[in-house]
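run-v6.txt follows (compact mmCIF, C-alpha atoms):
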# COMPACT_ATOMS: atom_id res chain seq x y z
CA MET A 12 -7.71 22.87 42.90
CA PRO A 13 -9.81 23.08 39.69
CA GLU A 14 -13.55 23.55 39.99
CA VAL A 15 -15.60 20.41 39.38
CA ARG A 16 -18.74 22.34 38.43
CA SER A 17 -21.37 19.97 37.02
CA MET A 18 -18.99 17.36 35.70
CA PRO A 19 -20.09 13.70 35.81
CA PRO A 20 -18.87 11.31 38.52
CA LEU A 21 -15.90 9.03 37.96
CA SER A 22 -16.30 6.25 35.43
CA ALA A 23 -17.27 2.71 36.37
CA THR A 24 -15.41 0.40 33.98
CA PRO A 25 -13.95 -3.09 34.44
CA ARG A 26 -10.60 -1.45 35.25
CA THR A 27 -11.90 1.18 37.66
CA ARG A 28 -14.52 -0.90 39.44
CA HIS A 29 -13.41 -1.69 42.99
CA GLN A 30 -13.04 -5.40 43.62
CA ARG A 31 -11.79 -5.26 47.22
CA LEU A 32 -12.61 -2.90 50.10
CA ARG A 33 -15.42 -1.41 48.07
CA GLU A 34 -16.57 0.64 51.04
CA GLN A 35 -13.39 2.69 50.67
CA GLY A 36 -14.16 3.53 47.05
CA ARG A 37 -15.18 7.01 45.93
CA ALA A 38 -17.04 8.03 42.79
CA ASP A 39 -17.05 11.79 43.33
CA ARG A 40 -14.72 13.62 40.95
CA ALA A 41 -13.90 16.09 43.72
CA ASP A 42 -12.23 13.27 45.68
CA LEU A 43 -9.99 12.50 42.70
CA LEU A 44 -9.02 16.14 42.32
CA ALA A 45 -8.30 16.41 46.05
CA VAL A 46 -5.89 13.45 45.88
CA LEU A 47 -4.16 14.90 42.81
CA SER A 48 -3.95 18.30 44.48
CA ALA A 49 -2.23 16.83 47.56
CA GLY A 50 0.46 15.02 45.56
CA PHE A 51 3.56 16.00 43.58
CA ILE A 52 4.50 12.74 41.88
CA GLY A 53 2.30 10.34 39.88
CA HIS A 54 3.11 6.81 38.74
CA LEU A 55 3.00 6.31 34.99
CA GLY A 56 2.90 2.91 33.29
CA VAL A 57 4.98 2.91 30.10
CA THR A 58 5.15 0.07 27.58
CA GLY A 59 8.45 -0.21 25.72
CA PRO A 60 10.62 -2.75 23.90
CA ASP A 61 11.87 -4.06 27.26
CA GLY A 62 8.39 -4.51 28.70
CA LEU A 63 6.15 -2.51 31.01
CA MET A 64 7.64 0.02 33.43
CA VAL A 65 5.71 1.86 36.14
CA ILE A 66 7.72 4.95 37.03
CA PRO A 67 6.91 8.15 38.94
CA THR A 68 6.82 11.50 37.17
CA SER A 69 5.79 15.07 37.94
CA TYR A 70 2.32 16.13 36.81
CA GLY A 71 -0.27 18.87 36.55
CA PHE A 72 -4.02 18.61 36.11
CA ASP A 73 -7.35 20.29 35.59
CA ALA A 74 -10.86 18.91 36.07
CA GLU A 75 -10.62 16.83 32.87
CA HIS A 76 -6.98 15.91 32.24
CA ALA A 77 -3.73 15.03 33.95
CA TYR A 78 -0.56 16.25 32.26
CA VAL A 79 2.77 14.51 32.88
CA HIS A 80 6.27 15.71 32.04
CA GLY A 81 7.80 14.09 29.00
CA SER A 82 10.86 12.96 30.95
CA VAL A 83 9.99 10.27 33.45
CA ALA A 84 12.06 8.62 36.19
CA SER A 85 11.58 6.80 39.48
CA ARG A 86 12.28 9.70 41.78
CA SER A 87 12.27 10.90 45.35
CA MET A 88 11.58 14.60 44.98
CA ASP A 89 13.94 16.86 46.96
CA GLY A 90 12.75 20.24 45.73
CA LEU A 91 11.88 22.53 42.84
CA VAL A 92 14.51 24.32 40.77
CA LEU A 93 13.08 27.67 39.70
CA ALA A 94 15.03 29.25 36.86
CA ARG A 95 14.71 32.59 35.07
CA SER A 96 12.75 30.95 32.26
CA VAL A 97 10.06 28.31 32.49
CA PHE A 98 11.97 26.14 30.02
CA GLU A 99 14.90 25.82 32.43
CA HIS A 100 12.76 24.88 35.46
CA ALA A 101 13.66 21.48 36.88
CA VAL A 102 13.24 19.17 39.85
CA ASN A 103 15.96 18.08 42.24
CA TYR A 104 15.52 14.37 42.74
CA ARG A 105 17.14 11.02 43.40
CA SER A 106 16.19 8.38 40.85
CA ALA A 107 16.32 4.59 41.07
CA VAL A 108 14.94 2.29 38.37
CA ILE A 109 14.97 -1.49 38.89
CA TYR A 110 14.50 -3.90 35.98
CA ALA A 111 13.44 -7.32 37.19
CA ARG A 112 10.83 -10.01 36.81
CA PRO A 113 9.00 -10.36 40.15
CA ARG A 114 9.46 -13.69 41.88
CA ILE A 115 6.83 -15.07 44.25
CA VAL A 116 8.48 -15.86 47.58
CA ASP A 117 7.33 -19.33 48.68
CA ASP A 118 10.00 -20.19 51.24
CA PRO A 119 8.55 -19.37 54.70
CA ALA A 120 11.90 -18.24 56.10
CA GLU A 121 12.57 -15.89 53.18
CA LYS A 122 9.00 -14.62 53.31
CA LEU A 123 9.33 -13.83 57.01
CA ALA A 124 12.67 -12.12 56.44
CA GLY A 125 11.27 -10.13 53.51
CA LEU A 126 8.25 -8.98 55.50
CA ARG A 127 10.55 -7.90 58.31
CA LEU A 128 12.60 -5.84 55.86
CA LEU A 129 9.42 -4.22 54.51
CA SER A 130 8.10 -3.47 57.99
CA GLU A 131 11.40 -2.08 59.26
CA HIS A 132 11.78 0.13 56.20
CA LEU A 133 8.38 1.73 56.84
CA ALA A 134 8.48 1.84 60.65
CA PRO A 135 11.84 0.87 62.19
CA GLY A 136 11.35 -1.00 65.46
CA GLN A 137 7.73 -1.96 64.79
CA TRP A 138 8.50 -5.58 63.85
CA ASP A 139 9.78 -6.42 67.32
CA TYR A 140 7.10 -4.30 69.03
CA ALA A 141 3.98 -5.66 67.32
CA ARG A 142 2.72 -9.26 67.12
CA GLN A 143 4.44 -11.04 64.27
CA PRO A 144 2.47 -13.00 61.66
CA SER A 145 1.17 -16.46 62.46
CA ARG A 146 1.66 -19.43 60.13
CA LYS A 147 -1.84 -18.96 58.78
CA GLU A 148 -1.29 -15.25 58.19
CA LEU A 149 2.07 -15.93 56.59
CA ALA A 150 0.51 -18.48 54.23
CA ALA A 151 -2.19 -15.98 53.26
CA THR A 152 0.37 -13.25 52.46
CA ARG A 153 1.90 -12.89 49.00
CA LEU A 154 5.37 -11.39 48.84
CA LEU A 155 7.25 -10.59 45.64
CA ALA A 156 11.03 -10.36 45.32
CA LEU A 157 12.76 -8.27 42.66
CA SER A 158 16.46 -8.78 41.96
CA LEU A 159 18.62 -5.65 42.10
CA ALA A 160 21.04 -7.12 39.57
CA GLU A 161 19.86 -4.69 36.86
CA ALA A 162 19.26 -1.16 38.09
CA SER A 163 20.19 2.45 37.36
CA VAL A 164 20.47 5.58 39.49
CA LYS A 165 20.27 9.30 38.59
CA ILE A 166 20.57 12.32 40.91
CA ARG A 167 19.92 15.98 40.17
CA SER A 168 20.90 18.59 42.76
CA GLY A 169 21.93 22.21 42.92
CA PRO A 170 20.73 25.52 41.44
CA PRO A 171 19.33 26.29 37.97
CA ASP A 172 21.59 25.90 34.95
CA ASP A 173 20.85 29.28 33.35
CA ALA A 174 23.16 31.56 35.36
CA ASP A 175 25.47 31.95 32.32
CA SER A 176 22.65 32.42 29.82
CA PRO A 177 21.20 35.70 28.48
CA ASP A 178 18.28 35.21 30.88
CA ALA A 179 20.61 36.11 33.78
CA ALA A 180 20.25 39.76 32.72
CA LEU A 181 16.47 39.72 33.25
CA GLY A 182 16.79 40.57 36.93
CA LEU A 183 14.48 37.72 37.98
CA TRP A 184 14.89 35.66 41.15
CA ALA A 185 16.08 32.11 40.59
CA GLY A 186 17.06 29.33 42.96
CA GLU A 187 15.88 26.22 44.77
CA LEU A 188 12.68 25.61 46.71
CA PRO A 189 13.58 22.63 48.94
CA LEU A 190 10.92 20.10 49.85
CA ASP A 191 11.17 18.78 53.41
CA THR A 192 8.53 16.17 54.29
CA ARG A 193 8.41 15.29 57.99
CA TRP A 194 6.47 12.87 60.18
CA LEU A 195 3.79 14.46 62.38
CA SER A 196 2.89 13.48 65.96
CA PRO A 197 1.27 10.03 66.36
CA VAL A 198 -2.53 9.92 66.53
CA ALA A 199 -3.80 7.23 68.91
CA ASP A 200 -6.52 4.74 68.06
CA PRO A 201 -9.67 6.01 69.86
CA ALA A 202 -10.18 2.46 71.17
CA LEU A 203 -6.93 2.51 73.15
CA PRO A 204 -7.19 2.62 76.95
CA ALA A 205 -6.35 5.96 78.54
CA GLY A 206 -2.71 6.57 79.34
CA LEU A 207 -1.23 4.19 76.76
CA SER A 208 1.53 6.15 75.01
CA PRO A 209 3.20 5.37 71.69
CA PRO A 210 6.39 3.29 72.01
CA PRO A 211 9.70 5.17 71.86
CA HIS A 212 10.50 4.07 68.30
CA ILE A 213 7.26 5.70 67.10
CA GLN A 214 7.54 8.82 69.24
CA ALA A 215 11.11 9.35 68.04
CA ARG A 216 9.98 9.77 64.43
CA THR A 217 7.95 12.91 65.16
CA GLY A 218 9.53 15.80 63.28
CA THR A 219 12.06 13.63 61.42
CA GLU A 220 12.44 13.66 57.65
CA LEU A 221 10.42 11.19 55.61
CA HIS A 222 13.19 10.99 52.99
CA PRO A 223 16.49 11.59 54.83
CA ARG A 224 19.30 12.63 52.53

Please re-express this file's structure in structure tokens.
Amino acid sequence: MPEVRSMPPLSATPRTRHQRLREQGRADRADLLAVLSAGFIGHLGVTGPDGLMVIPTSYGFDAEHAYVHGSVASRSMDGLVLARSVFEHAVNYRSAVIYARPRIVDDPAEKLAGLRLLSEHLAPGQWDYARQPSRKELAATRLLALSLAEASVKIRSGPPDDADSPDAALGLWAGELPLDTRWLSPVADPALPAGLSPPPHIQARTGTELHPR
């Protein structure tokens, strides 16, 4: 991680000022660099003739700038592709881009069904285990629906593409560095009574892949 040295704290502008949960806000530049250091993919907002798109992209950074790759896509990163030349380096990924105008879900039945889908995608089995939202909570929750009618998918897999190039004679190692992100063991709320174990659907996720192929 780059050294912060004596650099100023993070800016306080109308766009960066925290409006909600201000106690969770941080102004120390070191906190920003720590978050960037822990990640691989950043989300970049791009304005084009078809409107605004927010799409993930690979990045690098120092204490003053973030640098993003010129080719952007909504991607789930599967690993690095390390070629014999830096120019041929790549990322194995699965890409999905959805073009849609968000629709506010007002129908209570659809909202409940949509929230169940969201919950079950993040933590399968948790919807039936935990208390479900009350009418008041449901009314206070905003859910957006995006049609999948217009979408595109791209997938890159396999080794580098320079095996037949002159660089193959350099005698350098080349190949794939797979990325395998797995769930760790559950950490109990300190306020729980002694002896209360995680439910089976939570325990079963320990050691499983975050992005199964």

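Residues in contact with range 139-142 of chain A at up to 10 Å, not including ones fewer than 3 positions away on its chain and judged by only C-alpha atoms, are Arg127, Ser130, Glu131, Pro135, Gly136, Ser145, Pro210 and His212 of chain A.
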
Give me the residues near Arg37 in chain A as a count of residues only, where near means some atom within 12 Å (using only C-alpha atoms) and where sequence neighbours in that chain fewer than 4 positions away do not count.
15

Tell me, counting all atoms listed in the file, for each residue of range 54-163 of chain A within 7 Å of range 185-196 of chain A, which pair of atoms is nearest and how far apart they are in Å to one decimal, in rows ordered by chain and increasing number, as JSON lines.
{"residue": "A:Asp89", "atom": "CA", "partner": "A:Leu190", "partner_atom": "CA", "distance": 5.3}
{"residue": "A:Gly90", "atom": "CA", "partner": "A:Pro189", "partner_atom": "CA", "distance": 4.1}
{"residue": "A:Leu91", "atom": "CA", "partner": "A:Leu188", "partner_atom": "CA", "distance": 5.0}
{"residue": "A:Val92", "atom": "CA", "partner": "A:Glu187", "partner_atom": "CA", "distance": 4.6}
{"residue": "A:Leu93", "atom": "CA", "partner": "A:Gly186", "partner_atom": "CA", "distance": 5.4}
{"residue": "A:Ala94", "atom": "CA", "partner": "A:Ala185", "partner_atom": "CA", "distance": 4.8}
{"residue": "A:Arg95", "atom": "CA", "partner": "A:Ala185", "partner_atom": "CA", "distance": 5.7}

Work out how far apart CA of Leu157 in chain A and CA of Pro113 in chain A are and give it in Å to one decimal.
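Between CA of Leu157 in chain A and CA of Pro113 in chain A the gap works out to 5.0 Å.
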
Would you mind telling me which residue in A:Pro204, A:Leu133, A:Gly36, A:Arg153 lies nearest to Val116 in chain A when using all atoms listed in the file?
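Answer, going by the shortest atom-to-atom distance: A:Arg153.
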
For Ser158 in chain A, find every residue with an atom within 12 Å (counting only C-alpha atoms), except residues of its own chain fewer than 3 positions away, and show them as a VMD selection string.
chain A and resid 108 to 115 155 161 to 162

Quick check, in Å to one decimal: how far apart do CA of Ser168 in chain A and CA of Leu128 in chain A lie?
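Those two atoms sit 28.9 Å apart.
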
Restricting the calculation to only C-alpha atoms, which member of A:His54, A:Arg26, A:Arg31, A:Lys122 is positioned closest to Arg146 in chain A?
A:Lys122

Residue nearest Asp117 in chain A among A:Leu129, A:Ala74, A:Pro201, A:Leu154 (counting all atoms listed in the file)
A:Leu154

CA of Val164 in chain A to CA of His222 in chain A, distance in Å rounded to a single decimal
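Taking CA of Val164 in chain A and CA of His222 in chain A, their separation equals 16.3 Å.
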
Protein, DNA and RNA residues within 9 Å of (-4.6, 19.5, 38.8), all atoms listed in the file, as a list in words
Met12, Pro13, Leu44, Ala45, Leu47, Ser48, Tyr70, Gly71, Phe72, Asp73, Ala74, Glu75, His76, Ala77 and Tyr78 of chain A

Between A:Ala174, A:Leu149, A:Ala134, A:Val97, single out the one closest to Arg216 in chain A, counting only C-alpha atoms.
A:Ala134
